[in-house]
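As provided, entry_19.tsv (TSV, C-alpha atoms and all ligand atoms) reads as follows.
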```
chain	number	residue	atom	x	y	z
A	137	MET	CA	23.62	-9.29	44.87
A	138	THR	CA	24.58	-12.99	44.79
A	139	SER	CA	22.10	-15.57	43.55
A	140	GLN	CA	21.98	-17.23	46.96
A	141	PHE	CA	21.17	-13.92	48.69
A	142	PHE	CA	18.59	-13.07	46.02
A	143	ARG	CA	16.83	-16.41	46.51
A	144	GLN	CA	16.65	-15.79	50.27
A	145	GLN	CA	15.33	-12.27	49.75
A	146	LEU	CA	12.87	-13.09	46.99
A	147	MET	CA	9.72	-12.99	49.09
A	148	SER	CA	10.71	-10.52	51.77
A	149	SER	CA	12.61	-7.72	50.04
A	150	ASN	CA	11.24	-4.62	48.33
A	151	LEU	CA	11.91	-6.23	44.97
A	152	ARG	CA	9.05	-6.94	42.62
A	153	VAL	CA	9.61	-9.81	40.18
A	154	LEU	CA	8.19	-8.83	36.78
A	155	LYS	CA	6.34	-11.34	34.63
A	156	GLY	CA	6.16	-9.52	31.30
A	157	LEU	CA	8.69	-9.92	28.54
A	158	ALA	CA	11.83	-7.81	28.32
A	159	ALA	CA	12.41	-4.85	26.02
A	160	PRO	CA	11.84	-5.27	22.23
A	161	ASP	CA	13.57	-8.39	20.97
A	162	SER	CA	16.41	-6.85	19.03
A	163	GLU	CA	17.61	-4.65	21.88
A	164	SER	CA	17.38	-7.17	24.70
A	165	SER	CA	20.46	-7.86	26.76
A	166	HIS	CA	18.56	-10.74	28.38
A	167	LEU	CA	16.30	-13.24	26.64
A	168	PRO	CA	13.38	-15.16	28.14
A	169	LEU	CA	13.51	-18.87	28.88
A	170	ALA	CA	10.62	-21.05	30.09
A	171	LEU	CA	11.40	-22.31	33.59
A	172	LYS	CA	9.79	-25.64	32.64
A	173	VAL	CA	12.79	-26.54	30.47
A	174	LEU	CA	15.26	-26.47	33.36
A	175	ILE	CA	16.50	-29.95	34.28
A	176	VAL	CA	16.03	-30.47	38.00
A	177	GLY	CA	19.07	-32.12	39.56
A	178	GLU	CA	21.44	-31.07	36.76
A	179	ALA	CA	23.95	-28.23	36.83
A	180	LEU	CA	22.97	-25.19	34.79
A	181	PRO	CA	25.70	-24.23	32.27
A	182	PHE	CA	24.62	-20.55	32.17
A	183	PRO	CA	23.38	-18.06	34.78
A	184	LEU	CA	19.62	-17.57	35.08
A	185	PHE	CA	18.22	-14.15	35.92
A	186	LEU	CA	14.88	-12.76	37.04
A	187	LYS	CA	13.56	-9.45	35.86
A	188	VAL	CA	12.90	-7.22	38.88
A	189	ARG	CA	12.09	-3.69	39.88
A	190	ARG	CA	12.59	-2.06	43.28
A	191	GLU	CA	9.36	-0.69	44.72
A	192	GLU	CA	10.69	2.86	44.86
A	193	SER	CA	12.11	2.96	41.31
A	194	PRO	CA	10.77	2.29	37.79
A	195	GLU	CA	14.17	0.97	36.66
A	196	ILE	CA	14.28	-2.68	35.58
A	197	HIS	CA	17.15	-4.96	36.62
A	198	PHE	CA	18.09	-8.53	35.82
A	199	LEU	CA	19.33	-10.19	39.02
A	200	PRO	CA	21.05	-13.61	39.00
A	201	TYR	CA	18.81	-16.26	40.53
A	202	LEU	CA	21.02	-19.25	39.62
A	203	GLU	CA	24.74	-19.07	38.86
A	204	ALA	CA	26.39	-20.97	35.99
A	205	GLY	CA	27.43	-24.40	37.29
A	206	GLU	CA	24.85	-24.35	40.09
A	207	GLY	CA	22.57	-27.41	40.38
A	208	VAL	CA	18.89	-26.77	39.68
A	209	ASP	CA	17.12	-27.70	42.90
A	210	ALA	CA	13.33	-28.14	42.92
A	211	SER	CA	13.22	-25.93	46.04
A	212	PHE	CA	14.65	-23.04	43.95
A	213	LEU	CA	11.83	-23.32	41.44
A	214	GLU	CA	8.92	-23.65	43.88
A	215	PRO	CA	8.84	-19.97	44.95
A	216	LEU	CA	8.85	-18.94	41.29
A	217	GLU	CA	5.90	-21.20	40.63
A	218	ARG	CA	4.08	-19.66	43.62
A	219	LEU	CA	4.70	-16.23	42.08
A	220	GLY	CA	3.10	-17.50	38.86
A	221	LEU	CA	6.36	-16.94	37.00
A	222	GLU	CA	6.68	-18.90	33.75
A	223	ARG	CA	10.01	-17.52	32.55
A	224	GLY	CA	13.44	-16.52	33.72
A	225	TYR	CA	16.10	-14.83	31.57
A	226	PHE	CA	19.58	-15.59	30.28
A	227	ARG	CA	22.19	-13.25	28.79
A	228	ALA	CA	21.91	-12.84	25.02
A	229	GLU	CA	25.56	-13.89	24.65
A	230	ASP	CA	24.72	-17.28	26.20
A	231	LEU	CA	22.24	-18.14	23.43
A	232	GLU	CA	24.32	-20.95	21.89
A	233	THR	CA	25.04	-22.45	25.33
A	234	VAL	CA	21.32	-22.44	26.12
A	235	ILE	CA	20.49	-24.14	22.80
A	236	ALA	CA	23.15	-26.80	23.47
A	237	TYR	CA	21.56	-27.30	26.92
A	238	LEU	CA	18.13	-27.79	25.28
A	239	ASN	CA	19.66	-30.23	22.76
A	240	ASN	CA	20.95	-32.26	25.69
A	241	HIS	CA	17.57	-32.05	27.36
A	242	LEU	CA	15.86	-33.35	24.20
A	243	LEU	CA	18.29	-36.27	24.11
A	244	LEU	CA	17.74	-37.03	27.79
A	245	THR	CA	13.95	-36.73	27.63
A	246	GLY	CA	13.55	-38.64	24.34
A	247	ASN	CA	10.06	-40.07	24.57
A	248	GLY	CA	9.09	-37.99	27.58
A	249	GLU	CA	5.69	-36.75	28.67
A	250	GLY	CA	3.88	-34.81	25.92
A	251	LYS	CA	3.48	-31.41	27.55
A	252	ALA	CA	7.10	-31.27	28.75
A	253	MET	CA	8.32	-32.32	25.30
A	254	LEU	CA	6.18	-29.73	23.51
A	255	SER	CA	7.35	-26.98	25.89
A	256	LEU	CA	10.92	-28.01	25.24
A	257	CYS	CA	10.44	-28.06	21.46
A	258	ARG	CA	8.66	-24.70	21.54
A	259	GLU	CA	11.51	-23.13	23.47
A	260	HIS	CA	14.12	-24.71	21.22
A	261	LEU	CA	12.38	-23.52	18.04
A	262	GLY	CA	12.13	-19.93	19.30
A	263	LEU	CA	15.79	-19.77	20.29
A	264	THR	CA	17.01	-21.52	17.14
A	265	LEU	CA	15.03	-19.03	15.07
A	266	ARG	CA	16.65	-16.21	17.02
A	267	LEU	CA	20.11	-17.65	16.43
A	268	ALA	CA	19.42	-18.29	12.73
A	269	LEU	CA	18.36	-14.68	12.22
A	270	ARG	CA	21.63	-13.42	13.68
A	271	GLN	CA	23.46	-14.86	10.67
A	272	PRO	CA	23.11	-13.17	7.28
A	273	HIS	CA	22.11	-16.41	5.55
A	274	LEU	CA	20.77	-18.39	8.51
A	275	GLY	CA	23.87	-20.59	8.44
A	276	LYS	CA	23.67	-24.09	9.85
A	277	HIS	CA	20.82	-23.10	12.16
A	278	LEU	CA	18.16	-23.66	9.55
A	279	ASN	CA	19.03	-27.36	9.55
A	280	ALA	CA	18.91	-27.35	13.36
A	281	ALA	CA	15.41	-25.85	13.18
A	282	LYS	CA	14.32	-28.54	10.67
A	283	LYS	CA	15.56	-31.25	13.03
A	284	VAL	CA	13.61	-29.84	15.98
A	285	LEU	CA	10.51	-29.46	13.79
A	286	GLY	CA	10.79	-33.19	12.99
A	287	GLN	CA	11.06	-34.01	16.71
A	288	THR	CA	8.08	-31.77	17.48
A	289	LEU	CA	6.02	-33.46	14.80
A	290	GLN	CA	6.78	-36.86	16.34
A	291	VAL	CA	5.29	-35.64	19.64
A	292	LEU	CA	2.23	-34.21	17.87
A	293	GLU	CA	1.71	-37.47	15.98
A	294	ARG	CA	1.93	-39.62	19.09
A	295	ASP	CA	-1.68	-39.35	20.16
A	296	ASP	CA	-4.65	-37.03	20.55
A	297	LEU	CA	-3.37	-35.92	23.92
A	298	SER	CA	-0.64	-33.85	22.30
A	299	PHE	CA	-3.24	-31.70	20.56
A	300	ARG	CA	-5.00	-30.99	23.81
A	301	LEU	CA	-1.70	-29.77	25.25
A	302	LEU	CA	-0.93	-27.48	22.36
A	303	GLY	CA	-3.32	-24.74	23.49
A	304	GLU	CA	-1.66	-24.72	26.91
A	305	ILE	CA	1.90	-24.26	25.74
A	306	LEU	CA	1.42	-21.39	23.29
A	307	PHE	CA	2.44	-18.00	24.66
A	308	SER	CA	0.09	-15.08	24.10
A	309	ASP	CA	2.54	-12.20	24.60
A	310	TYR	CA	3.44	-11.01	21.16
A	311	SER	CA	6.98	-10.96	19.80
A	312	LEU	CA	8.27	-12.04	16.41
A	313	TYR	CA	9.66	-15.19	18.03
A	314	THR	CA	6.66	-16.28	20.08
A	315	HIS	CA	4.31	-15.54	17.19
A	316	SER	CA	6.48	-17.46	14.70
A	317	VAL	CA	6.74	-20.49	16.99
A	318	ASN	CA	3.00	-20.44	17.74
A	319	VAL	CA	2.16	-20.31	14.02
A	320	SER	CA	4.71	-23.04	13.29
A	321	LEU	CA	3.28	-25.38	15.94
A	322	LEU	CA	-0.34	-24.76	14.95
A	323	SER	CA	0.54	-25.19	11.25
A	324	MET	CA	2.23	-28.52	11.92
A	325	ALA	CA	-0.52	-29.82	14.17
A	326	MET	CA	-3.54	-28.95	12.01
A	327	PRO	CA	-2.54	-31.25	9.09
A	328	VAL	CA	-1.89	-34.06	11.60
A	329	PHE	CA	-5.40	-33.53	12.97
A	330	LEU	CA	-6.81	-33.57	9.42
A	331	GLY	CA	-4.97	-36.81	8.64
A	332	LYS	CA	-2.62	-35.27	6.04
A	333	GLY	CA	0.92	-36.43	5.38
A	334	ARG	CA	4.14	-35.57	7.26
A	335	ARG	CA	5.50	-33.58	4.34
A	336	GLU	CA	2.57	-31.15	4.58
A	337	SER	CA	3.15	-30.65	8.30
A	338	LEU	CA	6.88	-30.13	7.90
A	339	THR	CA	6.46	-27.67	5.02
A	340	LEU	CA	3.92	-25.66	6.99
A	341	GLY	CA	5.96	-25.92	10.20
A	342	LEU	CA	9.07	-24.55	8.51
A	343	ALA	CA	7.19	-21.84	6.61
A	344	GLY	CA	5.34	-20.93	9.84
A	345	LEU	CA	8.59	-20.58	11.74
A	346	PHE	CA	10.21	-18.33	9.15
A	347	HIS	CA	7.15	-16.63	7.60
A	348	ASP	CA	7.81	-13.22	9.15
A	349	VAL	CA	11.61	-13.09	8.89
A	350	GLY	CA	11.20	-10.20	6.44
A	351	LEU	CA	9.96	-8.11	9.39
A	352	THR	CA	13.51	-8.13	10.76
A	353	ARG	CA	14.37	-5.90	7.77
A	354	VAL	CA	11.52	-3.45	8.47
A	355	ASP	CA	12.22	-0.42	10.69
A	356	ALA	CA	11.56	-1.50	14.30
A	357	SER	CA	9.92	1.85	15.13
A	358	ILE	CA	7.08	1.02	12.72
A	359	LEU	CA	6.53	-2.40	14.29
A	360	CYS	CA	6.36	-0.96	17.82
A	361	LYS	CA	3.91	1.84	16.99
A	362	VAL	CA	0.86	2.01	19.22
A	363	GLU	CA	-0.91	4.66	17.13
A	364	PRO	CA	-2.53	3.71	13.77
A	365	LEU	CA	-0.01	3.18	10.95
A	366	GLY	CA	0.19	5.67	8.09
A	367	PRO	CA	0.25	4.76	4.36
A	368	GLU	CA	4.07	4.88	4.26
A	369	ASP	CA	4.33	2.57	7.27
A	370	TRP	CA	1.98	0.13	5.56
A	371	ALA	CA	3.98	0.30	2.34
A	372	ASP	CA	7.09	-0.75	4.31
A	373	ILE	CA	5.27	-3.55	6.13
A	374	ARG	CA	3.82	-4.90	2.89
A	375	GLU	CA	7.38	-5.48	1.72
A	376	HIS	CA	8.07	-8.12	4.36
A	377	PRO	CA	6.85	-11.27	2.51
A	378	ALA	CA	9.13	-10.47	-0.45
A	379	LEU	CA	12.01	-9.49	1.85
A	380	GLY	CA	11.65	-12.77	3.75
A	381	HIS	CA	11.45	-14.73	0.49
A	382	ARG	CA	14.65	-13.08	-0.76
A	383	LEU	CA	16.47	-13.72	2.50
A	384	LEU	CA	15.48	-17.40	2.63
A	385	SER	CA	15.91	-18.16	-1.06
A	386	SER	CA	19.68	-17.70	-0.71
A	387	HIS	CA	19.73	-20.69	1.65
A	388	PRO	CA	20.29	-23.95	-0.24
A	389	HIS	CA	18.31	-26.03	2.27
A	390	PHE	CA	15.11	-24.00	2.43
A	391	PRO	CA	12.55	-26.04	0.43
A	392	VAL	CA	10.85	-24.41	-2.54
A	393	ALA	CA	7.31	-25.09	-1.29
A	394	ALA	CA	8.01	-23.47	2.11
A	395	LEU	CA	9.66	-20.57	0.33
A	396	ARG	CA	6.52	-19.99	-1.68
A	397	LEU	CA	4.37	-20.03	1.45
A	398	VAL	CA	6.58	-17.33	3.01
A	399	LEU	CA	6.05	-15.15	-0.06
A	400	GLU	CA	2.30	-15.81	-0.16
A	401	HIS	CA	1.36	-15.71	3.54
A	402	HIS	CA	-0.55	-12.41	3.18
A	403	GLU	CA	-2.45	-13.39	0.04
A	404	ASN	CA	-6.24	-13.38	0.49
A	405	ALA	CA	-8.73	-15.91	-0.87
A	406	ASP	CA	-10.34	-13.30	-3.17
A	407	GLY	CA	-7.05	-11.95	-4.55
A	408	SER	CA	-7.10	-8.79	-2.39
A	409	GLY	CA	-3.94	-9.64	-0.44
A	410	TYR	CA	-0.28	-8.85	-1.08
A	411	PRO	CA	2.33	-8.87	-2.57
A	412	GLN	CA	0.95	-10.53	-5.72
A	413	GLY	CA	-2.83	-10.34	-5.24
A	414	LEU	CA	-3.27	-14.06	-5.97
A	415	THR	CA	-6.68	-15.73	-5.74
A	416	LEU	CA	-6.96	-19.16	-4.08
A	417	ALA	CA	-6.62	-20.99	-7.38
A	418	LYS	CA	-3.24	-19.35	-8.04
A	419	GLN	CA	-1.85	-19.73	-4.52
A	420	HIS	CA	0.09	-22.73	-3.23
A	421	PRO	CA	-2.55	-25.11	-1.77
A	422	LEU	CA	-1.10	-24.67	1.74
A	423	THR	CA	-0.99	-20.85	1.68
A	424	ARG	CA	-4.59	-20.70	2.92
A	425	VAL	CA	-3.65	-22.67	6.06
A	426	LEU	CA	-0.70	-20.43	6.93
A	427	ARG	CA	-2.74	-17.29	6.11
A	428	LEU	CA	-5.50	-18.32	8.50
A	429	LEU	CA	-3.30	-19.56	11.36
A	430	ASP	CA	-1.13	-16.43	11.14
A	431	ALA	CA	-4.27	-14.29	11.50
A	432	TYR	CA	-5.62	-16.50	14.31
A	433	ASP	CA	-2.41	-16.27	16.35
A	434	ALA	CA	-2.20	-12.51	15.83
A	435	LEU	CA	-5.71	-12.15	17.27
A	436	THR	CA	-5.01	-14.41	20.26
A	437	SER	CA	-1.78	-12.54	21.16
A	438	HIS	CA	-1.42	-9.36	23.19
A	439	ARG	CA	-0.54	-6.35	21.05
A	440	PRO	CA	0.53	-2.89	22.23
A	441	TYR	CA	-2.86	-1.52	21.13
A	442	ARG	CA	-5.21	-4.30	22.34
A	443	PRO	CA	-5.40	-7.33	24.66
A	444	ALA	CA	-5.36	-10.91	23.39
A	445	LEU	CA	-8.69	-12.38	22.29
A	446	ARG	CA	-9.91	-15.74	23.61
A	447	PRO	CA	-10.00	-18.49	20.93
A	448	PHE	CA	-13.78	-18.34	20.51
A	449	ALA	CA	-13.78	-14.55	20.12
A	450	ALA	CA	-10.90	-14.80	17.64
A	451	LEU	CA	-12.83	-17.35	15.56
A	452	LYS	CA	-15.83	-15.01	15.50
A	453	VAL	CA	-13.61	-12.19	14.20
A	454	LEU	CA	-12.16	-14.48	11.53
A	455	GLN	CA	-15.65	-15.59	10.45
A	456	GLU	CA	-16.94	-12.02	10.19
A	457	GLN	CA	-13.82	-10.28	8.87
A	458	LEU	CA	-13.99	-8.81	5.37
A	459	GLY	CA	-11.04	-7.94	3.15
A	460	PRO	CA	-10.62	-4.74	1.12
A	461	ARG	CA	-13.03	-6.03	-1.55
A	462	GLY	CA	-15.79	-6.85	0.92
A	463	ALA	CA	-15.19	-10.63	0.82
A	464	THR	CA	-13.66	-12.99	3.38
A	465	PRO	CA	-9.84	-13.14	3.17
A	466	TYR	CA	-9.90	-16.79	4.26
A	467	ALA	CA	-10.73	-20.04	2.49
A	468	PRO	CA	-14.13	-21.16	3.88
A	469	GLN	CA	-13.20	-24.86	4.13
A	470	THR	CA	-9.94	-24.04	5.96
A	471	LEU	CA	-11.90	-21.91	8.42
A	472	LYS	CA	-14.24	-24.87	9.05
A	473	ASP	CA	-11.21	-27.13	9.57
A	474	LEU	CA	-9.76	-24.64	12.08
A	475	ILE	CA	-13.03	-24.57	14.07
A	476	ARG	CA	-12.95	-28.37	14.33
A	477	PHE	CA	-9.27	-28.36	15.20
A	478	LEU	CA	-9.59	-25.71	17.93
A	479	ALA	CA	-12.44	-27.63	19.51
A	480	ILE	CA	-9.95	-30.25	20.66
A	481	ILE	CA	-6.90	-28.20	21.67
B	1	FE	FE	3.50	-11.51	7.99
```
Full structure transcribed into structure tokens:
Amino acid sequence: MTSQFFRQQLMSSNLRVLKGLAAPDSESSHLPLALKVLIVGEALPFPLFLKVRREESPEIHFLPYLEAGEGVDASFLEPLERLGLERGYFRAEDLETVIAYLNNHLLLTGNGEGKAMLSLCREHLGLTLRLALRQPHLGKHLNAAKKVLGQTLQVLERDDLSFRLLGEILFSDYSLYTHSVNVSLLSMAMPVFLGKGRRESLTLGLAGLFHDVGLTRVDASILCKVEPLGPEDWADIREHPALGHRLLSSHPHFPVAALRLVLEHHENADGSGYPQGLTLAKQHPLTRVLRLLDAYDALTSHRPYRPALRPFAALKVLQEQLGPRGATPYAPQTLKDLIRFLAII
């Protein structure tokens, strides 16, 4: 089916456009892309697909909605908006082309409107993370991620309005990439809100983006399990902070402080966390922020075994949660800061 024919048939055919994400990240032939980042009036350098299913069959197909080289016309995007569709898909092999397209977009938009800029940065961070993880030692993509984090921070620092937009641009469907970007953005924005320095935001933003890279070395079947995990599964999962630390420490440009946060992001305030069982006094001072925001985003994301919680419900869980030793896993002051911060986003 050609893209032109598909666009004409979109509303009338027996095709159902699917809104959910594609198959598990590592196996996907097609990767999601927010439709908001398409530049209206410009030619698209890669084909854009929609995920569809015919009414009579459970099989999922990716059909081309825009061809490579085709101009993005606002009239093409309107029906997708009416369907409530936030994302299209591109072929996994076009990842570098898509990132180059987003780089161009960032250059063109420069000081653009806050929500559009944050959406663009979010998309860029997720795809750059994906590209970085394809290389054994992250290659040059780590520096690309740092650059986009700096640009994102500039938008967050611009004014209070950016904070209010943050809640709107975070995705709640869980994947390693969406979760990592959500945690990164929240971790960068909270220090800005608290009036801390840029260095703190950038350290947390980088650590937030890469905190779970160790999970890419854990058996995917464990991560996708719907049933409760067994002790052996947990033993494997508990390896991921150290695995991530090892992976990132071979990169010369990954800062030491961010590296430590990756290693410590499952440490609890009372020393009941892992891998080292450090109490607050022995943790890096920013570990408590990453620990809390990681837990917050996990609660507010859909998981195979439960729906996403609303922010207020998630805060209640965090306030009442007890660790293995019967004490709160979170630093009380950081939890208070998060409550204040969430009140404005
Ligand atoms: Fe983790």
Please, which residues in chain A fall within 8 Å of ligand FE 1 (chain B) when counting all atoms listed in the file, and what is the closest atom pair and distance in Å to one decimal for each, ordered by chain then residue number, as JSON lines?
```
{"residue": "A:His347", "atom": "CA", "partner": "B:FE1", "partner_atom": "FE", "distance": 6.3}
{"residue": "A:Asp348", "atom": "CA", "partner": "B:FE1", "partner_atom": "FE", "distance": 4.8}
{"residue": "A:Gly350", "atom": "CA", "partner": "B:FE1", "partner_atom": "FE", "distance": 8.0}
{"residue": "A:Leu351", "atom": "CA", "partner": "B:FE1", "partner_atom": "FE", "distance": 7.4}
{"residue": "A:His376", "atom": "CA", "partner": "B:FE1", "partner_atom": "FE", "distance": 6.7}
{"residue": "A:Pro377", "atom": "CA", "partner": "B:FE1", "partner_atom": "FE", "distance": 6.4}
{"residue": "A:His401", "atom": "CA", "partner": "B:FE1", "partner_atom": "FE", "distance": 6.5}
{"residue": "A:His402", "atom": "CA", "partner": "B:FE1", "partner_atom": "FE", "distance": 6.4}
{"residue": "A:Asp430", "atom": "CA", "partner": "B:FE1", "partner_atom": "FE", "distance": 7.5}
```
Determine the nearest neighbour of Leu184 (chain A) from the options A:Leu321, A:Val234, A:Ala210, A:Val398, counting only C-alpha atoms.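 With only C-alpha atoms as the atom set, the closest residue is A:Val234.
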Extract, using only C-alpha atoms, all DNA, RNA and protein residues at most 9 Å from region 253-258 of chain A, discarding same-chain residues fewer than 5 positions from it, and format them as a count of residues only. 26
Extract, using only C-alpha atoms, all DNA, RNA and protein residues at most 10 Å from Tyr441 (chain A), discarding same-chain residues fewer than 5 positions from it, and format them as a CSV table (one decimal) with C-alpha atoms, in the coordinates of the input.
```csv
chain,number,residue,atom,x,y,z
A,360,CYS,CA,6.4,-1.0,17.8
A,361,LYS,CA,3.9,1.8,17.0
A,362,VAL,CA,0.9,2.0,19.2
A,363,GLU,CA,-0.9,4.7,17.1
A,364,PRO,CA,-2.5,3.7,13.8
```
Do a neighbour search on Ala393 (chain A) at 10 Å with only C-alpha atoms, toss out local chain neighbours closer than 5 positions, and write the hits as a ChimeraX atom specification. /A:336,339-340,342-343,398,420-423
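In this model, the gap between CA of Pro327 (chain A) and CA of Val425 (chain A) comes to 9.2 Å.
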Find the residues around Tyr201 (chain A) up to 12 Å (all atoms listed in the file counted), leave out those fewer than 4 positions away in its own chain, and share them as a PDB file with C-alpha atoms, keeping the file's coordinate frame.
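around-v9.pdb written:
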```pdb
ATOM      1  CA  MET A 137      23.620  -9.290  44.870  1.00  0.00           C
ATOM      2  CA  THR A 138      24.580 -12.990  44.790  1.00  0.00           C
ATOM      3  CA  SER A 139      22.100 -15.570  43.550  1.00  0.00           C
ATOM      4  CA  GLN A 140      21.980 -17.230  46.960  1.00  0.00           C
ATOM      5  CA  PHE A 141      21.170 -13.920  48.690  1.00  0.00           C
ATOM      6  CA  PHE A 142      18.590 -13.070  46.020  1.00  0.00           C
ATOM      7  CA  ARG A 143      16.830 -16.410  46.510  1.00  0.00           C
ATOM      8  CA  GLN A 144      16.650 -15.790  50.270  1.00  0.00           C
ATOM      9  CA  GLN A 145      15.330 -12.270  49.750  1.00  0.00           C
ATOM     10  CA  LEU A 146      12.870 -13.090  46.990  1.00  0.00           C
ATOM     11  CA  VAL A 153       9.610  -9.810  40.180  1.00  0.00           C
ATOM     12  CA  LEU A 171      11.400 -22.310  33.590  1.00  0.00           C
ATOM     13  CA  LEU A 180      22.970 -25.190  34.790  1.00  0.00           C
ATOM     14  CA  PHE A 182      24.620 -20.550  32.170  1.00  0.00           C
ATOM     15  CA  PRO A 183      23.380 -18.060  34.780  1.00  0.00           C
ATOM     16  CA  LEU A 184      19.620 -17.570  35.080  1.00  0.00           C
ATOM     17  CA  PHE A 185      18.220 -14.150  35.920  1.00  0.00           C
ATOM     18  CA  LEU A 186      14.880 -12.760  37.040  1.00  0.00           C
ATOM     19  CA  LYS A 187      13.560  -9.450  35.860  1.00  0.00           C
ATOM     20  CA  VAL A 188      12.900  -7.220  38.880  1.00  0.00           C
ATOM     21  CA  GLU A 206      24.850 -24.350  40.090  1.00  0.00           C
ATOM     22  CA  GLY A 207      22.570 -27.410  40.380  1.00  0.00           C
ATOM     23  CA  VAL A 208      18.890 -26.770  39.680  1.00  0.00           C
ATOM     24  CA  ASP A 209      17.120 -27.700  42.900  1.00  0.00           C
ATOM     25  CA  PHE A 212      14.650 -23.040  43.950  1.00  0.00           C
ATOM     26  CA  LEU A 213      11.830 -23.320  41.440  1.00  0.00           C
ATOM     27  CA  PRO A 215       8.840 -19.970  44.950  1.00  0.00           C
ATOM     28  CA  LEU A 216       8.850 -18.940  41.290  1.00  0.00           C
ATOM     29  CA  ARG A 223      10.010 -17.520  32.550  1.00  0.00           C
ATOM     30  CA  GLY A 224      13.440 -16.520  33.720  1.00  0.00           C
ATOM     31  CA  TYR A 225      16.100 -14.830  31.570  1.00  0.00           C
ATOM     32  CA  PHE A 226      19.580 -15.590  30.280  1.00  0.00           C
TER      33      PHE A 226
END
```
When you draw a straight line from CA of Asp230 (chain A) to CA of Ile175 (chain A), how long is it in Å?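 So the answer is 17.1 Å.
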